[in-house]
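To keep things clear, I will list the structure first and then write my remarks on it.
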Amino acid sequence: MKINNRIRTKGFLLILGASTCLALGFTLGKKVGEITPTSIEEASNLIGLSFNASEKDSMITNLKNQLSNYESLRKVELDNSVAPALVFNPLPKGFSPDLTQKPYDWGLPASVDLPEKESDIAYLPVHELAVLIKSRKISSESLTKIYLNRIKTYSDTLQCLITLMEETALEKARAMDQEIESGNYRGPLHGIPYGIKDLLAVKGTKTTWGAMPYKDQVIDQTATVVQKLNDAGGVLVGKFTLGALAMGDVWYGGKTKNPWNLSQGSSGSSAGSASAVSAGLVPFAIGTETLGSIVSPSTRNGVTGLRPTYGRVSKNGAMALSWSMDKIGPISRSALDDGIVLSVINGVDDLDSSTIPASFNYDSKKSVKDLKIGYFKPYFEGERVSQNDLNVLELLKNEGLELHPLELKTTIEAGPIVMMLMVEGAAAFDELTRYGWDDQLVAQHKGAWPNSFRAARFIPAVEYVQLSRQRTVLIQEMHELMKEYDVIITPSFAGPQLRITNLTGHPALCLPNGFNDSGSPTSITLLANLFEEEKLVQLGDFIQNRSDWQAKRPPLFDQ
C-alpha cells in the first residue's frame, strides 16, 4: 500500500486551539512551525474565536504539551473495530423499551404455488419462499442455484458484487435440505439465500469496505448479524458492493447501477444490496444506514428497506463510520420480509456495548385500525408535493383509517449536529488521512470522504461535545412529538426528518409508492417510536397488501 505520510510534511500547519486538537487528533506535523501568538491567532479564525495577546501567550506551553501528547497518542494503532468509551444512548428521559418478548405470528399462508418460471420464483418474497421450502415444493439447493445463476448473469452489468460465495452457499443449502428431511425446521429463513453489504466481516472472505486501500482486507471474524442469519438457516450467497467507506454508489471497481435505469447509479451507500434485491439476485440483503444509506438506495431501486432503532441490531463485525449513528437493517421486497429478518438479527450483543434490550413483537392478527397514524401535513402540500405520496394517504383514508395532521417542529437544527458524523468518521479513518491513503479512493470531489475527513480535523472537541448535548435536546423533543402517535407518514426526503431521525435513532420503513415522470421508482417513509418497528411492519404490510408498487420488476431483469 502506497503511503503518502502527511505526518512528515515540511509545510507549516496551523495550530488549532486546545479544544480542537485534544480529542480529534488534528494532523500536526513532526516538523512544524513554531507555536506563536500569530499562529494561534490564525488558527483561532478557523473556529470563530478570538483571544487577546495575554491569553494567546498563556496558551503556548499548554499547546506544546498537547502536541507532545498527540505524538504519543499516534504511536498506538487502533483498529476500526475499537469503539469510543463514551457510548451513544438514544433513549429519552422517562422512556424504556418493552422487554416482554412474545411468540411471532407472521400470518404466513398455508400453501403457496410454485411458479413455473425461474424468474418468477426469484422475485417471490421471503414470506412465500419460506412456505415453499417448508412444504418441500422447492429445495434450498434448487433455490440457491437459481439465485447464484442470476448473480453470475447480471452482477457484472450492475457492478453490484464483490464476492460470490457459491461453494459455501451450496454446502449450506444442502445441509438445510437435510435438516428439513430430518424434521428440523429452524424458521422462516431456513434455506433462504441472502446477501450482505461488504462492510460486514465473514471469516475466510475479504471485507473490502468498497475502498481501494482495503480491497484485499481479510478480517478474522464473522459479524454478529451474519452469524444470527446463518443460525436461522439463511444461505449467504454473496457480498455486495457499497460506496467506498459507506458513501454513495462509487466503489473501487466502478459504480453500482440501478436496475431500472442502467445509466444511473443505484444510490448508496447500500448500493449493491438494494440493486441486487431489485434485480432479483437475492430475496433480501443486509444494508446499513448512517444518514440515508438504506432509505436512499431503497427508493432508487424500488425496494423495501427497514432502518431499525439505533441499538436494536449489533454492529459487531461491521465497519464503523459513525459509532453513534450506524445502524444495520434489511432490504427486501416487502415490509413483512423486513420484519422477519429483523426478528432474527435484533437483540443485545455482549460484543457491542451500544445494543439495547427490547422486545420485537409482531402479530399479524392485530388491526391497523388500532394504530394512531399521523402525517407531516406541510410535506404533503404545495407545488412540489408528489402525487405518489398523496396516493398513499388516499389509500389509507379509503380503507377507513383516520390520519392525524401534525408538523415536524424542533428548536434544535439537525444540520449542524451532522458534524458529529464527520468527526467520528475522521476518527474511524484517522490513518487514512494521516498516511495519505485517502488519495487511493475513487471519489475525490469536495463532498467525498477524503475532503470531509480532512475538514473534520478542524472541528473543535468542545463543539463536538456541544453538538452531542444539543442532540440530547433533539432526542427529547422528538420523543415528545412522536409519543402521541404509533406511526407517522412522511415523504422520504422532505424537510429535515431524515437527518433528525437518524440522529435521534428512530426507526423508519421505506416503501415503494410508484414511479416519477422519468420512470424511476419513488418511495414513502413510515416512522415509529423507538423500538416499535412492529408497527411499521404492520402498516407497511397493510399498504402493500392493497397496492402493487412493491411487486413491479425492472424489465431488463424480469427474465
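The way I read the labels, and the way they are meant: chains A, B, ... in the order of the C-alpha cells, residue 1 as the first residue of every chain, and ligand 1 as the first ligand shown, with later ones counted on from there.
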Quiz prompt | 6 Å contact set for Ser269 of chain A, only C-alpha atoms, chain neighbours under 4 positions out, as JSON, numbers by chain | solution = {"A": [242, 243, 246, 247, 248, 249, 293]}
Limited to N, CA, C and O atoms, could you put the picked residues into a file as an mmCIF file, in the first residue's frame?
```
data_model
loop_
_atom_site.group_PDB
_atom_site.id
_atom_site.type_symbol
_atom_site.label_atom_id
_atom_site.label_comp_id
_atom_site.auth_asym_id
_atom_site.auth_seq_id
_atom_site.Cartn_x
_atom_site.Cartn_y
_atom_site.Cartn_z
ATOM 1 N N LEU A 242 -20.670 -1.545 -1.853
ATOM 2 C CA LEU A 242 -21.089 -0.337 -1.166
ATOM 3 C C LEU A 242 -20.236 0.795 -1.695
ATOM 4 O O LEU A 242 -19.097 0.585 -2.117
ATOM 5 N N GLY A 243 -20.785 2.000 -1.689
ATOM 6 C CA GLY A 243 -19.951 3.146 -1.991
ATOM 7 C C GLY A 243 -18.806 3.173 -0.998
ATOM 8 O O GLY A 243 -18.972 2.850 0.183
ATOM 9 N N ALA A 246 -18.822 3.563 2.827
ATOM 10 C CA ALA A 246 -20.233 3.846 3.124
ATOM 11 C C ALA A 246 -20.660 5.247 2.716
ATOM 12 O O ALA A 246 -21.300 5.961 3.478
ATOM 13 N N MET A 247 -20.308 5.633 1.487
ATOM 14 C CA MET A 247 -20.861 6.845 0.884
ATOM 15 C C MET A 247 -21.137 6.594 -0.590
ATOM 16 O O MET A 247 -20.255 6.192 -1.342
ATOM 17 N N GLY A 248 -22.369 6.851 -1.015
ATOM 18 C CA GLY A 248 -22.714 6.788 -2.422
ATOM 19 C C GLY A 248 -22.660 5.398 -3.020
ATOM 20 O O GLY A 248 -22.741 4.385 -2.323
ATOM 21 N N ASP A 249 -22.518 5.347 -4.348
ATOM 22 C CA ASP A 249 -22.525 4.067 -5.056
ATOM 23 C C ASP A 249 -21.245 3.827 -5.854
ATOM 24 O O ASP A 249 -21.159 2.899 -6.645
ATOM 25 N N SER A 293 -28.503 5.658 4.063
ATOM 26 C CA SER A 293 -27.927 4.620 3.206
ATOM 27 C C SER A 293 -28.779 3.373 3.049
ATOM 28 O O SER A 293 -28.415 2.469 2.307
#
```
Practice problem: Name all residues at most 7 Å from segment 413-422 of chain A (count only C-alpha atoms; drop same-chain ones fewer than 4 positions away) and give them as number ranges by chain. | Solution: A: 322, 426, 452-453, 456, 464, 467, 471, 499-500
Quiz item: Could you name the residues that touch Glu381 of chain A at 12 Å or less, counting only C-alpha atoms, but leaving out those on the same chain fewer than 4 positions away, as a list in words?
Solution: Tyr375, Phe376, Lys377, Val385, Ser386, Gln387, Asp389, Leu390, Pro405, Glu407, Thr490, Pro491 and Ala494 of chain A
Export, as a tab-separated table (two decimals), in the first residue's frame, the selected residues with C-alpha atoms.
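Wrote result.tsv, looks like this:
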```tsv
chain	number	residue	atom	x	y	z
A	375	TYR	CA	-48.63	12.54	8.83
A	376	PHE	CA	-46.42	15.61	8.44
A	377	LYS	CA	-49.07	17.72	6.71
A	385	VAL	CA	-45.84	17.68	-3.40
A	386	SER	CA	-45.69	14.26	-5.03
A	387	GLN	CA	-48.92	12.72	-6.25
A	389	ASP	CA	-47.17	10.42	-1.73
A	390	LEU	CA	-50.75	11.71	-1.76
A	405	PRO	CA	-52.06	16.04	10.65
A	407	GLU	CA	-45.87	19.38	11.88
A	490	THR	CA	-43.70	11.35	5.61
A	491	PRO	CA	-42.26	11.84	2.15
A	494	ALA	CA	-38.96	16.13	2.70
```
Quiz item: Between A:Asn52, A:Ser111, A:Gln444, A:Thr433, which is the closest to Ser135 of chain A once you count only C-alpha atoms?
Solution: A:Ser111
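Atom CA of Ile488 of chain A lies 4.5 Å from atom CA of Gly374 of chain A.
The nearest approach to Lys102 of chain A among the residues A:Ile180, A:Ala358, A:Val235, A:Leu67, with only C-alpha atoms taken into account, belongs to A:Ala358.
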Self-check item: Residue list (strand (DSSP E or B), DSSP) for segment 69-239 of chain A, as a ChimeraX atom specification
Solution: /A:105,161-164,193-197,200,206,218,235-239
Using only C-alpha atoms, please write the residues we just selected to a file, as a PDB file, in the first residue's frame.
```pdb
ATOM      1  CA  ASP A 105     -47.260 -14.600  14.333  1.00  0.00           C
ATOM      2  CA  LEU A 161     -20.996  -7.898  -6.476  1.00  0.00           C
ATOM      3  CA  ILE A 162     -17.674  -8.106  -4.684  1.00  0.00           C
ATOM      4  CA  THR A 163     -17.541 -11.751  -3.573  1.00  0.00           C
ATOM      5  CA  LEU A 164     -19.586 -14.700  -4.809  1.00  0.00           C
ATOM      6  CA  PRO A 193     -30.497 -17.295   0.197  1.00  0.00           C
ATOM      7  CA  TYR A 194     -29.404 -13.760   1.042  1.00  0.00           C
ATOM      8  CA  GLY A 195     -26.592 -11.272   0.547  1.00  0.00           C
ATOM      9  CA  ILE A 196     -24.791  -8.720   2.685  1.00  0.00           C
ATOM     10  CA  LYS A 197     -23.179  -5.343   2.264  1.00  0.00           C
ATOM     11  CA  LEU A 200     -19.742  -6.965   7.297  1.00  0.00           C
ATOM     12  CA  LYS A 206     -12.231 -10.474   2.103  1.00  0.00           C
ATOM     13  CA  VAL A 218      -9.408 -10.108   5.445  1.00  0.00           C
ATOM     14  CA  VAL A 235     -27.787 -19.191   2.998  1.00  0.00           C
ATOM     15  CA  LEU A 236     -25.223 -16.473   2.334  1.00  0.00           C
ATOM     16  CA  VAL A 237     -24.615 -16.292  -1.427  1.00  0.00           C
ATOM     17  CA  GLY A 238     -22.597 -13.117  -1.811  1.00  0.00           C
ATOM     18  CA  LYS A 239     -21.128  -9.910  -0.500  1.00  0.00           C
TER      19      LYS A 239
END
```
Quiz prompt | DSSP alpha helix (DSSP H) residues within segment 259-487 of chain A, as a PyMOL selection string | solution = chain A and resi 271-278+295-301+335-345+387-398+414-417+419-428+430-434+449-456+461-482
Exercise. List the neighbours of segment 276-285 of chain A out to 6 Å using only C-alpha atoms; skip same-chain residues closer than 4 positions along the sequence, and give me the result as an NGL selection string.
Key: :A and (122-123 or 147 or 150-151 or 194-196 or 259 or 272 or 301 or 330-332 or 557)
With only C-alpha atoms as the counted atoms, please give the residues lying no more than 12 Å from Pro103 of chain A, apart from itself and same-chain residues fewer than 6 positions off, as a compact mmCIF listing (two decimals) with N, CA, C and O atoms, in the first residue's frame.
```txt
# COMPACT_ATOMS: atom_id res chain seq x y z
N SER A 343 -36.52 -9.86 13.05
CA SER A 343 -36.75 -10.73 14.21
C SER A 343 -35.56 -11.64 14.48
O SER A 343 -35.36 -12.08 15.61
N SER A 359 -37.98 -5.80 23.26
CA SER A 359 -38.75 -6.84 22.56
C SER A 359 -39.10 -6.37 21.16
O SER A 359 -39.07 -5.17 20.85
N PHE A 360 -39.40 -7.31 20.29
CA PHE A 360 -39.93 -7.03 18.96
C PHE A 360 -41.09 -7.99 18.75
O PHE A 360 -40.89 -9.18 18.52
N ASN A 361 -42.30 -7.49 18.87
CA ASN A 361 -43.47 -8.35 18.88
C ASN A 361 -44.37 -8.05 17.69
O ASN A 361 -45.07 -7.04 17.66
N TYR A 362 -44.34 -8.94 16.72
CA TYR A 362 -45.21 -8.79 15.55
C TYR A 362 -46.31 -9.82 15.62
O TYR A 362 -46.06 -11.02 15.79
N ASP A 363 -47.54 -9.35 15.44
CA ASP A 363 -48.71 -10.23 15.48
C ASP A 363 -49.60 -9.87 14.30
O ASP A 363 -50.20 -8.78 14.26
N SER A 364 -49.72 -10.76 13.35
CA SER A 364 -50.49 -10.47 12.14
C SER A 364 -51.97 -10.28 12.42
O SER A 364 -52.70 -9.72 11.59
```
Can you pull out every residue within 8 Å of Ile192 of chain A, counting only C-alpha atoms, but drop anything in the same chain fewer than 5 positions away, and send it as a PDB file with C-alpha atoms, in the first residue's frame?
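Written out: around-v9.pdb:
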```pdb
ATOM      1  CA  VAL A 126     -39.283 -14.263   1.613  1.00  0.00           C
ATOM      2  CA  LEU A 129     -40.365 -18.702  -0.333  1.00  0.00           C
ATOM      3  CA  ALA A 130     -40.402 -19.813   3.307  1.00  0.00           C
ATOM      4  CA  SER A 140     -32.937 -24.793  -0.676  1.00  0.00           C
ATOM      5  CA  LEU A 143     -33.475 -22.064  -4.886  1.00  0.00           C
ATOM      6  CA  THR A 144     -29.874 -21.187  -4.151  1.00  0.00           C
ATOM      7  CA  GLY A 233     -30.860 -21.217   8.394  1.00  0.00           C
ATOM      8  CA  GLY A 234     -30.042 -18.411   5.959  1.00  0.00           C
ATOM      9  CA  VAL A 235     -27.787 -19.191   2.998  1.00  0.00           C
ATOM     10  CA  PRO A 283     -34.762 -12.142  -1.947  1.00  0.00           C
TER      11      PRO A 283
END
```
Quiz prompt | Neighbour list for Leu441 of chain A as a PyMOL selection string, cut-off 9 Å, only C-alpha atoms, skip fewer than 5 positions in-chain | solution = chain A and resi 211-213+244+251-252+449-450
Quick one: write out the picked residues with N, CA and C atoms as a CSV table (one decimal), in the first residue's frame?
```csv
chain,number,residue,atom,x,y,z
A,211,ALA,N,-13.5,0.1,-0.7
A,211,ALA,CA,-12.5,1.1,-0.9
A,211,ALA,C,-11.2,0.5,-1.3
A,212,MET,N,-10.5,1.1,-2.2
A,212,MET,CA,-9.2,0.6,-2.7
A,212,MET,C,-8.2,0.3,-1.7
A,213,PRO,N,-8.0,1.1,-0.6
A,213,PRO,CA,-7.0,0.7,0.4
A,213,PRO,C,-7.2,-0.6,1.1
A,244,ALA,N,-17.6,3.5,-1.5
A,244,ALA,CA,-16.4,3.4,-0.7
A,244,ALA,C,-16.6,4.1,0.7
A,251,TRP,N,-17.5,2.6,-6.0
A,251,TRP,CA,-16.6,1.8,-5.2
A,251,TRP,C,-15.3,1.6,-6.0
A,252,TYR,N,-14.4,0.8,-5.5
A,252,TYR,CA,-13.1,0.7,-6.2
A,252,TYR,C,-13.2,0.0,-7.5
A,449,TRP,N,-15.5,11.6,1.0
A,449,TRP,CA,-14.8,11.4,2.3
A,449,TRP,C,-13.5,12.0,2.4
A,450,PRO,N,-12.5,11.9,1.5
A,450,PRO,CA,-11.2,12.4,1.7
A,450,PRO,C,-11.2,13.9,2.2
```
Practice problem: Report the distance between atom CA of Pro115 of chain A and atom CA of Lys137 of chain A in Å, rounded to one decimal place. | Solution: 10.3 Å
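Atom CA of Lys315 of chain A sits 16.1 Å away from atom CA of Asn230 of chain A.
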Exercise. Measuring atom to atom with only C-alpha atoms, identify which of A:Glu534, A:Glu77, A:Asp326, A:Glu42 is nearest to Glu431 of chain A.
Key: A:Glu77
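For the set A:Ala551, A:Val313, A:Leu170, A:Cys160, the residue with the smallest atom-to-atom gap to Ser353 of chain A is A:Val313, counting only C-alpha atoms.
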